[in-house]
Amino acid sequence: MKTKLLSEKWWMTLLTAAGLLSAVNVFADPPAANPSPASALPFPLIERFENYTEKDGLPAHKAHAVLKASDGRLWVGTYNGLLVRAQDGTYHRYGPEDGLSHKMVMCLVEDPQTGDIWAGTMRGLNRVSGGRITAYYQTDSGLPNNVVYGVGIREDVLWVATAAGAGALNLKTGSWKIYDHNNSIMHEPWCYSIACAKDVVYIGVWGGGIVEHDPKLGTFKEYRDPDGDFQYILVPDSGPINDITSWVAWDDGVLWQATYFGLARYDGARWRTWVAAKSPLASDFVNFVWSHRHVGWVGTDRGVSVTDGSTWVNYLVGEHGEGLMEIHRPNQPVEKRTMTTALPNSFVLGIYVDDDDVWFATSNGLSHGVFAPHSKPATVAEAR
Amino acid sequence: MKPVLFVLLSLLAAPLGRAAYEEKDPPKQLNLEDKPPAGVRQLPPRAGTNEDRYPYYGNVPEGMVPFHTIEPYYRYWTTRLPFRGPGRDYPDPPDLKSLKVGLLSPPSYGPEGARGARTKKGVELAFAEANAARKPGELPFEIVAREDSPQWGSAANIAVDFADNEVLGILGTIDGDATHVALRVTLKTETYIINTSDPDPTLTETQIPWLTRILPDQRQESFLLAEVAVRERGCKRIAIFRESSRPGRVGVMHFVNFIRRLGCPPVQHLLFKPGDTDIRMQIQAIKAADVDAVFFCGQPEDIGRFAAQFRQAGIKAQFFGFDRLEEDSFRQGAGSAAEGTTIAYYYDPNRTDKPWLDFAARYEKRYGEKPDSYAAYGYDGARLMIQAIEHAGPNRWRVRDYLANLDSYDGVTGHMVFDGRWDNIAPMVMGEFHQGAWHFRPAPPMRQEERPTITQR
């Protein structure tokens with residue numbers, strides 16, 4: 001009996017120590033020398049940033065939008081003109097002196113059928129075709145308002161989100177349609193963003209949530225913050241996180257909503273919402289989101305968050321300008337790494353992502369994110 | 001304890017010791033004190049958080065907050081959003097000849113034109129005084145004045161024009177929709193707005209860290225009017241009669257919610273169009289509802305005319321309305337029907353403190369008329385913008401930091417207190433019209449109900 005008691009005590013001591021050691025191990029930061037392989041993540045990791053600022057020829061501190069065209073050229077909408085970067089690294093700037101309607105370029109899209117680039121500015125819309133610019137204004141076209149925050153193309157129709165409604169330019173006929181509070185579901189026509197999906201167009205509305213428009217049926221549907229008040233989220237994951245939509249993005253059945261109150265995602269069946277205080281989201285102030293194969297690349301005022309909805313990677317800028325990477329896996333401790341390079345600025349306004357690399361438009365320059373070696377999905381189904 | 005069970009518990013305890021996602025530090029406060037500013041209700045500790053920094057929801061009592069018996073998943077507005085972008089160290093613009101400030105005014109020919117003109121007079125007086133006080137070699141201040149047009153989105157184009165003119169800040173405007181669209185642009189152009197005259201409660205709800213509003217909004221007016229109508233006067237059957245417009249819709253929004261929470265939902269909610277003269281149907285409906293109070297929202301000349309028609313039709317209900325019923329056009333239209341009308345107002349215009357009397361005298365000397373609240377807030381807004389530029393220099397981001405970090409400011413309109421949304425939540429006053437004149441008194445003290453039981457999620 002005595003022996004048995006001693007034995008039980010011994011076991012308890014040993015196992016308590018084992019449990020504590022296990023706990024200590026979990027609490028400790030993972031060793032930087034043993035990072036998890038990028039292939040273990042559902043999206044590629046950025047290995048390094050290559051930055052381009054005014055010193056490198058950018059015409060302004062601030063870049064609002066970036067787009068890699070199908071011919072490989074990179075288009076950058078800046079505070080001071082539209083920049084195109086050829087694959088050999090040379091730049092050409094288009095400004096008002098070249099016919100650009102205004103120097104502040106806010107958004108970009110490529111017409112996949114013609115290769116034309118459409119650029120929305122603070123005063124008018126522009127088509128760049130064969131090096132020639134054609135400008136559209138509210139006074140000489142069907143553009144609803146000169147301030148163009150978002151552009152998108154679906155089939156033969158160019159969509160614009162403006163300060164006074166959404167516009168649809170039929171690229172075959174040249175005819176315009178305007179959608180605002182008079183002829184659509186939106187109660188106020190302050191449009192901020194366009195996301196063209198397979199069958200519908202999503203319009204991000206400042207104060208109106210997200211408007212879904214089916215061009216074939218001519219129908220409108222609204223997605224609104226279900227609690228109806230801006231000062232809180234009553235219940236998470238119940239709908240758009242807020243009615244003030246700063247950006248929308250769609251790819252392969254997944255809709256992302258950026259707001260200045262956090263981030264939301266809708267997969268057609270279920271909404272998810274995230275705020276910074278209760279999730280890995282870098283900041284509630286979300287300027288932009290790019291959707292690529294179910295993954296949201298989120299531009300905030302505090303860096304970039306990348307997520308598929310469960311795994312997150314944040315790219316932040318430290319106090320001394322150093323690059324910081326945080327990897328948040330479900331039910332695992334946060335893995336923090338210091339990078340050899342960093343974003344040029346944590347205020348991220350625009351993002352372009354494909355399977356090869358990623359580009360960031362920030363408040364202090366342009367950045368090229370070079371992926372760590374990763375296996376590219378051969379098919380969309382595989383990417384899922 | 002069985003050894004095997006202990007092993008399992010020990011091993012399970014380890015991963016549970018750390019959350020799946022690391023909780024981040026709360027955002028760093030920006031030069032803020034530990035407690036809310038003086039004169040503003042101190043929030044009791046809120047279940048689930050100790051981070052509340054600013055009075056919540058326009059400083060209204062807890063019982064008036066939507067879903068106040070439930071602790072929501074997450075609250076905004078209790079801290080101020082920072083601006084994390086660059087710009088503060090950018091060099092000053094070269095070859096500056098003046099320090100420009102944009103002034104966005106409503107169209108002079110529209111319904112807000114006269115008020116916009118009075119705001120402009122206040123702004124111009126402040127700029128004239130500031131320029132007269134400039135020392136040799138100092139750059140003068142310059143107003144870049146633009147008029148809005150009654151077209152959706154016009155203010156956005158003007159805000160871009162301000163950016164083209166490289167203004168250091170913007171003042172204006174009265175229309176809620178115009179200020180909203182201008183704010184969206186200035187968020188991108190990174191130019192700070194001081195709003196001096198838009199009472200739209202939704203303006204600051206967007207929480208964009210590029211705007212301060214220096215006049216209390218209609219959320220605060222609505223609470224006081226609901227408090228007086230229901231609790232002080234005992235009104236139970238209240239009708240809403242408002243303009244069919246966006247200002248009318250968002251104007252009454254909170255009054256309707258507050259009286260509902262006080263147990264008296266509106267018994268009628270009727271609309272009119274500006275300039276309407278035939279309101280027989282609405283009068284019939286209000287008479288049929290046997291109301292004891294009517295809450296008006298619209299232009300004072302319309303309300304004055306309607307008040308007179310209501311009395312002629314035998315409606316004895318008490319009349320309530322927003323600040324602009326203080327304007328002469330209301331009493332002129334209402335005649336004797338104005339008697340007893342109750343409004344919420346920003347400050348006591350009959351007060352005799354030196355800053356107010358000195359300002360009123362200078363204003364009257366320059367323009368030959370007494371200043372109203374639009375002129376006074378225009379003056380205060382301009383003075384505040386000038387102060388920010390003098391402090392920060394010709395740099396939009398430093399001007400923003402100065403203004404966005406203010407907790408209080410003393411203007412000719414009185415002591416201002418700014419909350420987590422950059423709204424002035426200084427206590428307001430109540431005005432009552434008796435024997436041909438408005439009489440003002442401090443607003444009734446807020447009743448601090450006991451905190452209800454919070455349902456934790």
# chains A, B, ... in the order shown; residues from 1 in each chain; ligands from 1
call {"tool": "residues_around", "arguments": {"residues": "B:Thr277", "least_positions_apart": "2", "cutoff": "12 Å", "atoms": "only C-alpha atoms", "output": "ChimeraX atom specification"}}
result
/B:272-275,279-283,301-309,333
call {"tool": "closest_atom_pairs", "arguments": {"of": "chain A", "to": "chain B", "cutoff": "6 Å", "atoms": "only C-alpha atoms", "output": "Markdown table"}}
result
| residue | atom | partner | partner_atom | distance |
| --- | --- | --- | --- | --- |
| A:Leu15 | CA | B:Val7 | CA | 5.9 |
| A:Gly19 | CA | B:Ser10 | CA | 4.7 |
| A:Ala23 | CA | B:Ala14 | CA | 4.0 |
| A:Ala163 | CA | B:Gly153 | CA | 5.3 |
| A:Ala164 | CA | B:Gly153 | CA | 4.9 |
| A:Gln231 | CA | B:Tyr76 | CA | 5.0 |
| A:Tyr232 | CA | B:Arg75 | CA | 4.2 |
| A:Ile233 | CA | B:Tyr74 | CA | 5.1 |
| A:Leu234 | CA | B:Pro72 | CA | 4.3 |
| A:Val235 | CA | B:Tyr73 | CA | 5.5 |
| A:Asp301 | CA | B:Arg84 | CA | 5.9 |
| A:Pro330 | CA | B:Ala20 | CA | 6.0 |
| A:Asn331 | CA | B:Ala20 | CA | 4.2 |
| A:Gln332 | CA | B:Ala20 | CA | 5.3 |
| A:Phe347 | CA | B:Gly85 | CA | 5.3 |
call {"tool": "closest_residue", "arguments": {"among": "A:Ala276, A:Tyr315, A:Glu188, A:Glu212", "to": "B:Ser245", "atoms": "only C-alpha atoms"}}
result
A:Glu188
call {"tool": "closest_residue", "arguments": {"among": "A:Ala195, A:Leu108, A:Leu143, A:Val348", "to": "A:Gly365", "atoms": "only C-alpha atoms"}}
result
A:Val348
call {"tool": "residues_around", "arguments": {"residues": "B:Ala229", "least_positions_apart": "2", "cutoff": "9 Å", "atoms": "only C-alpha atoms", "output": "number ranges by chain"}}
result
B: 224-227, 231-236, 238, 259, 293, 318, 320, 342
call {"tool": "write_last_selection", "arguments": {"atoms": "all heavy atoms", "output": "CSV table (one decimal), in the first residue's frame"}}
result
chain,number,residue,atom,x,y,z
B,224,LEU,N,-32.3,65.4,-26.0
B,224,LEU,CA,-32.8,66.4,-25.0
B,224,LEU,C,-34.3,66.7,-25.3
B,224,LEU,O,-35.1,66.8,-24.4
B,224,LEU,CB,-32.0,67.7,-25.2
B,224,LEU,CG,-30.6,67.7,-24.7
B,224,LEU,CD1,-29.9,69.0,-25.0
B,224,LEU,CD2,-30.5,67.3,-23.2
B,225,LEU,N,-34.7,66.7,-26.6
B,225,LEU,CA,-36.1,67.0,-26.9
B,225,LEU,C,-36.9,65.8,-26.4
B,225,LEU,O,-38.1,66.0,-25.9
B,225,LEU,CB,-36.2,67.3,-28.4
B,225,LEU,CG,-35.6,68.6,-28.8
B,225,LEU,CD1,-35.4,68.6,-30.3
B,225,LEU,CD2,-36.5,69.8,-28.4
B,226,ALA,N,-36.5,64.6,-26.6
B,226,ALA,CA,-37.2,63.4,-26.1
B,226,ALA,C,-37.3,63.5,-24.6
B,226,ALA,O,-38.4,63.2,-24.1
B,226,ALA,CB,-36.5,62.2,-26.6
B,227,GLU,N,-36.3,63.8,-24.0
B,227,GLU,CA,-36.3,63.9,-22.5
B,227,GLU,C,-37.3,64.9,-22.0
B,227,GLU,O,-38.1,64.6,-21.1
B,227,GLU,CB,-34.9,64.3,-22.0
B,227,GLU,CG,-34.7,64.5,-20.6
B,227,GLU,CD,-34.5,63.2,-19.8
B,227,GLU,OE1,-34.4,62.1,-20.4
B,227,GLU,OE2,-34.5,63.2,-18.5
B,231,ARG,N,-40.4,62.9,-20.5
B,231,ARG,CA,-40.2,62.8,-19.1
B,231,ARG,C,-40.6,64.1,-18.3
B,231,ARG,O,-41.2,64.1,-17.2
B,231,ARG,CB,-38.8,62.5,-18.7
B,231,ARG,CG,-38.5,61.0,-19.0
B,231,ARG,CD,-37.1,60.7,-18.6
B,231,ARG,NE,-36.9,59.3,-18.5
B,231,ARG,CZ,-35.7,58.7,-18.7
B,231,ARG,NH1,-34.6,59.4,-18.9
B,231,ARG,NH2,-35.5,57.4,-18.5
B,232,GLU,N,-40.3,65.3,-18.9
B,232,GLU,CA,-40.5,66.5,-18.2
B,232,GLU,C,-42.0,67.0,-18.4
B,232,GLU,O,-42.6,67.4,-17.5
B,232,GLU,CB,-39.5,67.6,-18.7
B,232,GLU,CG,-39.4,68.8,-17.8
B,232,GLU,CD,-38.3,69.8,-18.3
B,232,GLU,OE1,-37.1,69.5,-18.0
B,232,GLU,OE2,-38.7,70.7,-19.0
B,233,ARG,N,-42.5,66.9,-19.7
B,233,ARG,CA,-43.8,67.3,-20.0
B,233,ARG,C,-44.9,66.2,-19.9
B,233,ARG,O,-46.1,66.5,-20.0
B,233,ARG,CB,-43.8,68.0,-21.3
B,233,ARG,CG,-42.8,69.1,-21.6
B,233,ARG,CD,-43.3,70.4,-21.2
B,233,ARG,NE,-42.3,71.5,-21.4
B,233,ARG,CZ,-42.1,72.0,-22.6
B,233,ARG,NH1,-42.8,71.7,-23.7
B,233,ARG,NH2,-41.1,72.9,-22.7
B,234,GLY,N,-44.4,65.0,-19.9
B,234,GLY,CA,-45.4,63.9,-19.8
B,234,GLY,C,-46.1,63.6,-21.1
B,234,GLY,O,-47.2,62.9,-21.0
B,235,CYS,N,-45.6,64.0,-22.2
B,235,CYS,CA,-46.3,63.7,-23.5
B,235,CYS,C,-46.2,62.2,-23.8
B,235,CYS,O,-45.2,61.6,-23.5
B,235,CYS,CB,-45.6,64.5,-24.6
B,235,CYS,SG,-45.7,66.2,-24.4
B,236,LYS,N,-47.3,61.7,-24.2
B,236,LYS,CA,-47.4,60.2,-24.5
B,236,LYS,C,-47.6,59.9,-26.0
B,236,LYS,O,-47.2,58.9,-26.5
B,236,LYS,CB,-48.5,59.6,-23.6
B,236,LYS,CG,-48.3,59.7,-22.1
B,236,LYS,CD,-47.1,58.9,-21.6
B,236,LYS,CE,-47.0,59.0,-20.1
B,236,LYS,NZ,-45.7,58.4,-19.7
B,238,ILE,N,-47.0,61.2,-29.5
B,238,ILE,CA,-46.2,62.2,-30.2
B,238,ILE,C,-46.3,61.9,-31.7
B,238,ILE,O,-46.1,60.7,-32.1
B,238,ILE,CB,-44.7,62.1,-29.7
B,238,ILE,CG1,-44.7,62.4,-28.2
B,238,ILE,CG2,-43.9,63.1,-30.5
B,238,ILE,CD1,-43.3,62.1,-27.6
B,259,ILE,N,-37.8,58.4,-28.2
B,259,ILE,CA,-39.1,58.3,-27.6
B,259,ILE,C,-39.6,56.9,-27.6
B,259,ILE,O,-40.4,56.5,-26.7
B,259,ILE,CB,-40.1,59.3,-28.3
B,259,ILE,CG1,-40.3,58.9,-29.8
B,259,ILE,CG2,-39.7,60.7,-28.1
B,259,ILE,CD1,-41.4,59.7,-30.4
B,293,ALA,N,-48.2,65.9,-28.6
B,293,ALA,CA,-47.0,66.7,-29.0
B,293,ALA,C,-46.7,66.4,-30.5
B,293,ALA,O,-47.1,65.3,-31.0
B,293,ALA,CB,-45.8,66.2,-28.2
B,318,GLN,N,-48.4,70.2,-28.0
B,318,GLN,CA,-47.1,71.0,-27.8
B,318,GLN,C,-46.2,70.8,-29.0
B,318,GLN,O,-46.2,69.7,-29.6
B,318,GLN,CB,-46.4,70.5,-26.5
B,318,GLN,CG,-47.2,70.7,-25.3
B,318,GLN,CD,-46.4,70.3,-24.0
B,318,GLN,OE1,-45.3,70.8,-23.8
B,318,GLN,NE2,-47.0,69.4,-23.2
B,320,PHE,N,-42.5,70.8,-30.8
B,320,PHE,CA,-41.0,70.7,-30.5
B,320,PHE,C,-40.3,70.7,-31.9
B,320,PHE,O,-40.9,70.3,-32.9
B,320,PHE,CB,-40.8,69.3,-29.8
B,320,PHE,CG,-41.3,69.2,-28.5
B,320,PHE,CD1,-42.7,68.8,-28.3
B,320,PHE,CD2,-40.6,69.6,-27.4
B,320,PHE,CE1,-43.2,68.7,-27.0
B,320,PHE,CE2,-41.1,69.5,-26.1
B,320,PHE,CZ,-42.4,69.0,-25.9
B,342,THR,N,-40.9,74.5,-28.2
B,342,THR,CA,-39.6,74.1,-27.5
B,342,THR,C,-38.6,73.6,-28.5
B,342,THR,O,-38.9,72.7,-29.3
B,342,THR,CB,-39.9,73.0,-26.4
B,342,THR,OG1,-40.9,73.6,-25.5
B,342,THR,CG2,-38.7,72.6,-25.6
call {"tool": "closest_residue", "arguments": {"among": "A:Ile203, A:Ile185, A:Leu324, A:Val370", "to": "A:Ala166", "atoms": "only C-alpha atoms"}}
result
A:Ile203
call {"tool": "residues_around", "arguments": {"residues": "B:Ala426", "least_positions_apart": "3", "cutoff": "12 Å", "atoms": "only C-alpha atoms", "output": "VMD selection string"}}
result
chain B and resid 37 to 41 55 58 to 60 213 to 217 220 to 221 345 to 347 407 to 411 413 to 419 422 to 423 429 442 to 443
call {"tool": "residues_around", "arguments": {"residues": "stretch 379-391 of chain B", "least_positions_apart": "5", "cutoff": "8 Å", "atoms": "only C-alpha atoms", "output": "PyMOL selection string"}}
result
chain B and resi 119+121-127+130+141+168-169+171+194-196+214+399+402-403+411-413
call {"tool": "write_last_selection", "arguments": {"atoms": "N, CA, C and O atoms", "output": "PDB file, in the first residue's frame"}}
result
ATOM      1  N   THR B 119     -22.403  81.791 -42.328  1.00  0.00           N
ATOM      2  CA  THR B 119     -21.179  81.053 -41.984  1.00  0.00           C
ATOM      3  C   THR B 119     -19.970  81.722 -42.617  1.00  0.00           C
ATOM      4  O   THR B 119     -18.935  81.925 -41.980  1.00  0.00           O
ATOM      5  N   LYS B 121     -19.543  84.754 -43.498  1.00  0.00           N
ATOM      6  CA  LYS B 121     -19.196  86.014 -42.829  1.00  0.00           C
ATOM      7  C   LYS B 121     -18.371  85.754 -41.577  1.00  0.00           C
ATOM      8  O   LYS B 121     -17.391  86.453 -41.303  1.00  0.00           O
ATOM      9  N   GLY B 122     -18.767  84.750 -40.811  1.00  0.00           N
ATOM     10  CA  GLY B 122     -17.996  84.412 -39.618  1.00  0.00           C
ATOM     11  C   GLY B 122     -16.581  83.974 -39.972  1.00  0.00           C
ATOM     12  O   GLY B 122     -15.616  84.364 -39.321  1.00  0.00           O
ATOM     13  N   VAL B 123     -16.472  83.176 -41.028  1.00  0.00           N
ATOM     14  CA  VAL B 123     -15.161  82.697 -41.468  1.00  0.00           C
ATOM     15  C   VAL B 123     -14.313  83.874 -41.926  1.00  0.00           C
ATOM     16  O   VAL B 123     -13.129  84.003 -41.567  1.00  0.00           O
ATOM     17  N   GLU B 124     -14.912  84.740 -42.707  1.00  0.00           N
ATOM     18  CA  GLU B 124     -14.142  85.878 -43.238  1.00  0.00           C
ATOM     19  C   GLU B 124     -13.675  86.807 -42.120  1.00  0.00           C
ATOM     20  O   GLU B 124     -12.571  87.366 -42.187  1.00  0.00           O
ATOM     21  N   LEU B 125     -14.511  86.980 -41.103  1.00  0.00           N
ATOM     22  CA  LEU B 125     -14.094  87.819 -39.975  1.00  0.00           C
ATOM     23  C   LEU B 125     -12.870  87.212 -39.296  1.00  0.00           C
ATOM     24  O   LEU B 125     -11.895  87.913 -38.980  1.00  0.00           O
ATOM     25  N   ALA B 126     -12.903  85.908 -39.084  1.00  0.00           N
ATOM     26  CA  ALA B 126     -11.765  85.248 -38.427  1.00  0.00           C
ATOM     27  C   ALA B 126     -10.496  85.390 -39.259  1.00  0.00           C
ATOM     28  O   ALA B 126      -9.410  85.644 -38.722  1.00  0.00           O
ATOM     29  N   PHE B 127     -10.619  85.230 -40.558  1.00  0.00           N
ATOM     30  CA  PHE B 127      -9.441  85.344 -41.422  1.00  0.00           C
ATOM     31  C   PHE B 127      -8.932  86.786 -41.458  1.00  0.00           C
ATOM     32  O   PHE B 127      -7.716  87.026 -41.469  1.00  0.00           O
ATOM     33  N   ALA B 130      -7.111  87.357 -38.254  1.00  0.00           N
ATOM     34  CA  ALA B 130      -5.837  86.619 -38.218  1.00  0.00           C
ATOM     35  C   ALA B 130      -4.801  87.289 -39.109  1.00  0.00           C
ATOM     36  O   ALA B 130      -3.626  87.413 -38.733  1.00  0.00           O
ATOM     37  N   PHE B 141      -3.137  84.277 -44.496  1.00  0.00           N
ATOM     38  CA  PHE B 141      -4.129  83.226 -44.717  1.00  0.00           C
ATOM     39  C   PHE B 141      -5.032  83.627 -45.866  1.00  0.00           C
ATOM     40  O   PHE B 141      -5.315  84.807 -46.063  1.00  0.00           O
ATOM     41  N   LEU B 168      -4.710  73.743 -47.097  1.00  0.00           N
ATOM     42  CA  LEU B 168      -4.181  73.048 -45.918  1.00  0.00           C
ATOM     43  C   LEU B 168      -5.287  72.471 -45.051  1.00  0.00           C
ATOM     44  O   LEU B 168      -5.042  71.672 -44.152  1.00  0.00           O
ATOM     45  N   GLY B 169      -6.515  72.909 -45.296  1.00  0.00           N
ATOM     46  CA  GLY B 169      -7.666  72.409 -44.550  1.00  0.00           C
ATOM     47  C   GLY B 169      -8.924  72.919 -45.214  1.00  0.00           C
ATOM     48  O   GLY B 169      -8.873  73.765 -46.117  1.00  0.00           O
ATOM     49  N   LEU B 171     -13.179  74.056 -44.544  1.00  0.00           N
ATOM     50  CA  LEU B 171     -14.293  74.394 -43.659  1.00  0.00           C
ATOM     51  C   LEU B 171     -15.600  74.165 -44.416  1.00  0.00           C
ATOM     52  O   LEU B 171     -15.700  74.503 -45.593  1.00  0.00           O
ATOM     53  N   ILE B 194     -12.964  70.881 -40.934  1.00  0.00           N
ATOM     54  CA  ILE B 194     -13.696  71.282 -39.733  1.00  0.00           C
ATOM     55  C   ILE B 194     -15.100  71.611 -40.190  1.00  0.00           C
ATOM     56  O   ILE B 194     -15.298  72.525 -41.001  1.00  0.00           O
ATOM     57  N   ASN B 195     -16.051  70.831 -39.696  1.00  0.00           N
ATOM     58  CA  ASN B 195     -17.430  71.112 -40.066  1.00  0.00           C
ATOM     59  C   ASN B 195     -18.056  72.011 -39.008  1.00  0.00           C
ATOM     60  O   ASN B 195     -17.981  71.734 -37.817  1.00  0.00           O
ATOM     61  N   THR B 196     -18.678  73.081 -39.481  1.00  0.00           N
ATOM     62  CA  THR B 196     -19.205  74.086 -38.550  1.00  0.00           C
ATOM     63  C   THR B 196     -20.720  74.142 -38.537  1.00  0.00           C
ATOM     64  O   THR B 196     -21.285  74.896 -37.754  1.00  0.00           O
ATOM     65  N   ILE B 214     -17.727  70.843 -34.942  1.00  0.00           N
ATOM     66  CA  ILE B 214     -17.664  71.660 -33.726  1.00  0.00           C
ATOM     67  C   ILE B 214     -19.038  72.044 -33.197  1.00  0.00           C
ATOM     68  O   ILE B 214     -19.116  72.729 -32.187  1.00  0.00           O
ATOM     69  N   VAL B 399      -1.373  69.378 -39.491  1.00  0.00           N
ATOM     70  CA  VAL B 399      -2.626  70.081 -39.188  1.00  0.00           C
ATOM     71  C   VAL B 399      -3.658  69.062 -38.700  1.00  0.00           C
ATOM     72  O   VAL B 399      -4.366  69.282 -37.714  1.00  0.00           O
ATOM     73  N   TYR B 402      -2.912  67.915 -35.124  1.00  0.00           N
ATOM     74  CA  TYR B 402      -3.273  68.929 -34.124  1.00  0.00           C
ATOM     75  C   TYR B 402      -4.780  68.886 -33.857  1.00  0.00           C
ATOM     76  O   TYR B 402      -5.221  68.857 -32.703  1.00  0.00           O
ATOM     77  N   LEU B 403      -5.554  68.868 -34.925  1.00  0.00           N
ATOM     78  CA  LEU B 403      -7.014  68.933 -34.758  1.00  0.00           C
ATOM     79  C   LEU B 403      -7.589  67.616 -34.238  1.00  0.00           C
ATOM     80  O   LEU B 403      -8.471  67.615 -33.380  1.00  0.00           O
ATOM     81  N   GLY B 411     -14.281  78.422 -27.734  1.00  0.00           N
ATOM     82  CA  GLY B 411     -14.608  79.356 -28.795  1.00  0.00           C
ATOM     83  C   GLY B 411     -15.590  80.391 -28.310  1.00  0.00           C
ATOM     84  O   GLY B 411     -15.997  80.397 -27.137  1.00  0.00           O
ATOM     85  N   VAL B 412     -16.004  81.253 -29.228  1.00  0.00           N
ATOM     86  CA  VAL B 412     -17.000  82.261 -28.837  1.00  0.00           C
ATOM     87  C   VAL B 412     -18.357  81.596 -28.578  1.00  0.00           C
ATOM     88  O   VAL B 412     -19.205  82.156 -27.889  1.00  0.00           O
ATOM     89  N   THR B 413     -18.552  80.422 -29.137  1.00  0.00           N
ATOM     90  CA  THR B 413     -19.804  79.705 -28.891  1.00  0.00           C
ATOM     91  C   THR B 413     -19.782  78.981 -27.549  1.00  0.00           C
ATOM     92  O   THR B 413     -20.805  78.446 -27.131  1.00  0.00           O
TER      93      THR B 413
END
call {"tool": "decode", "arguments": {"residues": "stretch 329-340 of chain A", "atoms": "N, CA, C and O atoms", "output": "mmCIF file, in the first residue's frame"}}
result
data_model
loop_
_atom_site.group_PDB
_atom_site.id
_atom_site.type_symbol
_atom_site.label_atom_id
_atom_site.label_comp_id
_atom_site.auth_asym_id
_atom_site.auth_seq_id
_atom_site.Cartn_x
_atom_site.Cartn_y
_atom_site.Cartn_z
ATOM 1 N N ARG A 329 -1.888 30.389 -37.393
ATOM 2 C CA ARG A 329 -2.571 29.172 -37.836
ATOM 3 C C ARG A 329 -3.654 28.831 -36.819
ATOM 4 O O ARG A 329 -3.465 29.078 -35.624
ATOM 5 N N PRO A 330 -4.730 28.257 -37.258
ATOM 6 C CA PRO A 330 -5.777 27.902 -36.297
ATOM 7 C C PRO A 330 -5.238 26.972 -35.214
ATOM 8 O O PRO A 330 -4.543 26.006 -35.513
ATOM 9 N N ASN A 331 -5.545 27.330 -33.984
ATOM 10 C CA ASN A 331 -5.198 26.503 -32.827
ATOM 11 C C ASN A 331 -3.702 26.271 -32.668
ATOM 12 O O ASN A 331 -3.275 25.252 -32.138
ATOM 13 N N GLN A 332 -2.939 27.200 -33.179
ATOM 14 C CA GLN A 332 -1.487 27.098 -32.996
ATOM 15 C C GLN A 332 -0.960 28.449 -32.534
ATOM 16 O O GLN A 332 -1.572 29.488 -32.809
ATOM 17 N N PRO A 333 0.171 28.447 -31.871
ATOM 18 C CA PRO A 333 0.740 29.727 -31.433
ATOM 19 C C PRO A 333 1.170 30.573 -32.624
ATOM 20 O O PRO A 333 1.479 30.048 -33.693
ATOM 21 N N VAL A 334 1.182 31.867 -32.385
ATOM 22 C CA VAL A 334 1.589 32.788 -33.452
ATOM 23 C C VAL A 334 3.080 32.635 -33.704
ATOM 24 O O VAL A 334 3.869 32.566 -32.759
ATOM 25 N N GLU A 335 3.414 32.570 -34.965
ATOM 26 C CA GLU A 335 4.824 32.489 -35.329
ATOM 27 C C GLU A 335 5.249 33.854 -35.858
ATOM 28 O O GLU A 335 4.632 34.381 -36.784
ATOM 29 N N LYS A 336 6.269 34.420 -35.241
ATOM 30 C CA LYS A 336 6.718 35.752 -35.647
ATOM 31 C C LYS A 336 8.113 35.669 -36.250
ATOM 32 O O LYS A 336 8.984 34.999 -35.692
ATOM 33 N N ARG A 337 8.267 36.362 -37.347
ATOM 34 C CA ARG A 337 9.577 36.382 -37.987
ATOM 35 C C ARG A 337 9.949 37.828 -38.314
ATOM 36 O O ARG A 337 9.083 38.633 -38.647
ATOM 37 N N THR A 338 11.225 38.112 -38.243
ATOM 38 C CA THR A 338 11.715 39.400 -38.734
ATOM 39 C C THR A 338 12.245 39.182 -40.139
ATOM 40 O O THR A 338 13.026 38.255 -40.376
ATOM 41 N N MET A 339 11.820 40.038 -41.058
ATOM 42 C CA MET A 339 12.207 39.867 -42.457
ATOM 43 C C MET A 339 13.416 40.753 -42.776
ATOM 44 O O MET A 339 13.675 41.742 -42.085
ATOM 45 N N THR A 340 14.091 40.405 -43.813
ATOM 46 C CA THR A 340 15.251 41.213 -44.201
ATOM 47 C C THR A 340 14.818 42.482 -44.918
ATOM 48 O O THR A 340 15.574 43.441 -45.026
#
